[in-house]
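Written out below as structure tokens is the structure these notes cover.
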Amino acid sequence: MNELKNKKILIVDDEKGLLDMIKDILLSDGFYNIYTAQNCSETMDIIKQQPIALFVLDVNLPDGDGFSLFDDIRKISKAPVIFLTARGEADDKIKGLGLGADDYIVKPFLTEELLLRITALLRRTYVKTDKESSFMLSDRTVDLENAQVIYDDNKIQLTAKEFILLKKLWENKNKIVTNDALCMAAWGDDYYGYENTLMVHIRRIREKIEKNPSNPMHLITAKGLGYKLVTEDE
Amino acid sequence: MNKTVFKIFICFILLSAFISTTLLCINFAGMAFLQSDTNNNYPYNERYVLEQISKNIIISDNQIRLENKSVIPDNNWCILVNGDGNVIWGHNKPDDIPDHYTINDIARLTRWYLNDYPVYVRTEEYGLLILGTPKNSVGKYELRYSMAWFESLPQRILIIITVNLILAAFLACIFGIVLYRRLRTLTLGIKDLRQEKKVYLKETGIFKEISKSINETSESIERKNEALLSRDNARSNWIAGVSHDIRTPLSIIMGYSEALARSVDISKENQTKAKMITAQSIKIKKLVDDLNLISSLEYDMQLSKKKPVRICLIIRSILTDLINNGLSEKYKINLDFQYEKAVIMGDEMLLERAFFNLINNSIVHNEQGCKIEISEYMYNDSVYIRISDNGRGVSDEVIQNISQIPKTAHGLGLPMAYRIICVHGGKMTAENNNGFTVKIILPQINE
């Protein structure tokens, strides 16, 4: 985990007070490679010199907006970006950007939440551990790298859709994931009508990961809402 | 047909008919008046005068005299012609009147003139009495009609009257229709004016002035609305700007208060104080969010970010978030979605907020726990959503004031949901029915 703390983080906001505060918070959390910029041109100067690992960008900047700055950054760096926004400020645009590693956080925010998101993004982008690519469910191991369920020397292959669904559930383990979110992950935005197909896939996943598929212990139905992957470590 | 205009139309037709009939009657009377010649009537009636002369002529011993000379009007003259054509008596006889007449002269003068004097004759036993009037005092014309003409006269009079009446009715109708059209344009204009639509009427014809006034009124309403809108926009923008500007300082306050609360360098007591600062800051954050939302609902009645939104998805995601964030088991939630496909045009964030407020209302008002039932179905192109709980319900005051934004931030949830539903062209009603029930109807879009 500690390797994340030396990642170079660039915070861009026109308000110096906010920059200082975030810097303080990150420093006290153990991050030490922190850069700040108050406008677009400063930002571009810094990223030409430093390999920045993560950006925190304000949407409103004195010499441009965060979105165009984001485009400029993308030409040079593939590092993840977290947007700082006010509610209602180009929500659609931000949601549209919510692809890949990018995230956004609404002002005012709790620093705990900001730290959580920064850490999660850094981990997702830079850490590839075995622990991440496989997990245990009772007596079985789910190997996400190879899309397999392993138990008693048996290796059961997951189909592409089963893999996507199980991964989505694993990413939100111990939380309900709505039917809509699952369908969207498997079939994209225009997923309407796949609800029954989803049920079929869930049953097949249960057959592979549950000891007793008709009385599931791990892949639980939340009636009317969706499904929840219950893991032991909670 | 417009009721008021129709009434005016009928009145106009009746009035026109009345006027034309009256005119017709007056004209007939006028014709009769034209026929009458007061100068040619009693006591100047020639026949009467001749009769009086005849009565006053006394013939005795070959002497002829007029007993009373006043029977002959001034300027008139009179002669008596015997069977041989000789004048045997005369009174005021002008010099240019001959003393002897042939049979031809007699035939000519009986009907017309004698030396340009208009004359009248009366036959007596002793000869022909001729009354002469001054030259150019009377014109004489001969009227002659066939008997058939006389026989068909009543019919023709009837035809003339009928044609006149029909013409009058026809003209009244034509003018009535023209008037009706003009009036209808006017009333439609006024109707549009009442709905504050932009009105422009052609400024011509008899209603030119009224049309002009309506156009001017429309322009002035438009100007006022624009002023009102720009004022509302200014206010709304100001609130948006201020609430935006509060966010950054508030982030700093929250960041440092959180840091202080965690800090080991300060006392427990001060850590608690720092925690309180954070908690109060979160309250301010919520207030700012609500203020901004209410202001935009109040002033920008048009939704700026419309897109197709699936209602069931929104409700499911709200419930999932509530449960994932540790909603107590005391609350049992029952879902009954009949029409998963329901899609409405709207602002996803606002709708999410509205449904969250309604569901959260049931949770917050029933700390003892309750059953929450959410059902949804489609009927006649509308989505019906019912959110009900079996809790303790709300006060009647809350239900009555569901559309009113309260003076303070307390109790904002339901009115905010109400406004959001209204902005989406929907309806929302609330009632206490073994708990609290909210019913919502939203227009569904056809895919």
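In the structure tokens, chains take the letters A, B, ... in the order shown, each chain's residues start at 1, and ligands count up from 1 in the order shown.
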
Show me, as a PyMOL selection string, every residue of chain A with an atom at most 6 Å from chain B, counting only C-alpha atoms. chain A and resi 18+107-109+111+175+225

List every residue of segment 19-230 of chain A that DSSP, applied to the backbone of this structure, places in strand (DSSP E), and write the result as a ChimeraX atom specification. /A:34-37,54-58,60-61,64-65,81-86,103-107,134-137,140-143,148-151,154-157,176-178,219-222,226-229

May I have the residues within 7 Å of Lys306 of chain B as a CSV table (one decimal) with all heavy atoms, in the first residue's frame, using only C-alpha atoms and disregarding those fewer than 6 positions away in the same chain?
chain,number,residue,atom,x,y,z
B,345,MET,N,-39.8,12.2,-19.9
B,345,MET,CA,-38.8,13.2,-20.3
B,345,MET,C,-38.6,14.0,-19.0
B,345,MET,O,-39.5,14.6,-18.5
B,345,MET,CB,-39.4,14.1,-21.3
B,345,MET,CG,-39.0,13.7,-22.8
B,345,MET,SD,-37.4,13.1,-22.9
B,345,MET,CE,-36.7,14.2,-24.0
B,346,GLY,N,-37.3,14.1,-18.6
B,346,GLY,CA,-37.1,14.9,-17.4
B,346,GLY,C,-35.7,15.0,-17.0
B,346,GLY,O,-34.8,14.5,-17.7
B,347,ASP,N,-35.5,15.7,-15.9
B,347,ASP,CA,-34.2,15.9,-15.3
B,347,ASP,C,-33.9,14.8,-14.3
B,347,ASP,O,-34.6,14.7,-13.3
B,347,ASP,CB,-34.1,17.3,-14.7
B,347,ASP,CG,-32.7,17.6,-14.1
B,347,ASP,OD1,-32.1,16.7,-13.5
B,347,ASP,OD2,-32.3,18.7,-14.4

Go ahead and compute the interatomic distance for atom CA of Phe67 of chain A and atom CA of Leu116 of chain A, in Å to one decimal.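 Here the two named atoms are 22.9 Å from each other.
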
List every residue of segment 146-212 of chain B that DSSP, applied to the backbone of this structure, places in helix (DSSP H, G or I), and write the result as a ChimeraX atom specification. /B:147-194,208-212

If you count only C-alpha atoms, which residues fall within 9 Å of Asn146 of chain A, apart from same-chain ones fewer than 4 positions away, as a PyMOL selection string? chain A and resi 133+142+157-158

Using atom CA of Leu121 of chain A and atom CA of Asp103 of chain A as the two end points, give the distance in Å to one decimal.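 Result for atom CA of Leu121 of chain A versus atom CA of Asp103 of chain A: 8.2 Å, one decimal.
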
What's around segment 232-239 of chain B at 7 Å? Count only C-alpha atoms, leave out sequence neighbours fewer than 3 positions away in its own chain, and write the answer as a VMD selection string. chain B and resid 228 to 229 242 to 243 292 295 to 296 299

Can you list, as a CSV table (one decimal) with N, CA and C atoms, in the first residue's frame, every protein, DNA or RNA residue that comes within 10 Å of Ile53 of chain B when you count only C-alpha atoms, leaving out same-chain residues fewer than 3 positions away?
chain,number,residue,atom,x,y,z
B,47,ARG,N,-112.3,71.0,-59.3
B,47,ARG,CA,-113.6,70.5,-59.5
B,47,ARG,C,-114.6,71.2,-58.5
B,48,TYR,N,-114.1,71.4,-57.3
B,48,TYR,CA,-114.9,72.0,-56.2
B,48,TYR,C,-115.2,73.5,-56.6
B,49,VAL,N,-114.1,74.1,-57.1
B,49,VAL,CA,-114.3,75.5,-57.5
B,49,VAL,C,-115.4,75.7,-58.6
B,50,LEU,N,-115.2,74.7,-59.6
B,50,LEU,CA,-116.2,74.8,-60.8
B,50,LEU,C,-117.6,74.6,-60.3
B,56,ASN,N,-123.3,79.3,-58.2
B,56,ASN,CA,-123.5,80.8,-58.1
B,56,ASN,C,-123.9,81.5,-59.4
B,57,ILE,N,-124.0,80.8,-60.5
B,57,ILE,CA,-124.3,81.5,-61.7
B,57,ILE,C,-125.8,81.5,-61.8
B,58,ILE,N,-126.2,82.7,-62.1
B,58,ILE,CA,-127.7,82.9,-62.2
B,58,ILE,C,-128.0,83.4,-63.6
B,66,LEU,N,-122.7,86.3,-61.9
B,66,LEU,CA,-122.2,85.4,-60.8
B,66,LEU,C,-122.6,86.1,-59.5
B,67,GLU,N,-123.3,85.3,-58.7
B,67,GLU,CA,-123.8,85.9,-57.5
B,67,GLU,C,-122.7,86.2,-56.5
B,68,ASN,N,-121.8,85.3,-56.3
B,68,ASN,CA,-120.8,85.5,-55.3
B,68,ASN,C,-119.4,85.4,-56.1
B,69,LYS,N,-118.8,86.5,-56.2
B,69,LYS,CA,-117.5,86.5,-57.1
B,69,LYS,C,-116.3,85.8,-56.4
B,70,SER,N,-116.5,85.7,-55.0
B,70,SER,CA,-115.3,85.2,-54.3
B,70,SER,C,-115.1,83.7,-54.5
B,71,VAL,N,-116.1,83.0,-55.2
B,71,VAL,CA,-115.9,81.6,-55.4
B,71,VAL,C,-114.7,81.3,-56.4
B,72,ILE,N,-114.4,82.4,-57.2
B,72,ILE,CA,-113.3,82.2,-58.1
B,72,ILE,C,-112.0,82.7,-57.5
B,78,CYS,N,-112.7,82.7,-65.5
B,78,CYS,CA,-113.7,81.8,-65.8
B,78,CYS,C,-114.5,82.3,-67.0
B,122,ARG,N,-116.4,72.2,-67.0
B,122,ARG,CA,-117.5,71.6,-66.4
B,122,ARG,C,-118.7,71.8,-67.3
B,129,LEU,N,-118.5,75.4,-68.9
B,129,LEU,CA,-117.9,76.3,-67.9
B,129,LEU,C,-116.4,76.0,-67.9
B,131,LEU,N,-112.7,77.0,-66.4
B,131,LEU,CA,-112.0,77.7,-65.3
B,131,LEU,C,-110.5,77.7,-65.7

Pick out the closest residue to Arg123 of chain A from this set: A:Leu61, A:Leu4, A:Ala86, A:Leu229. Count only C-alpha atoms.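 Result for the nearest residue to Arg123 of chain A: A:Leu4.
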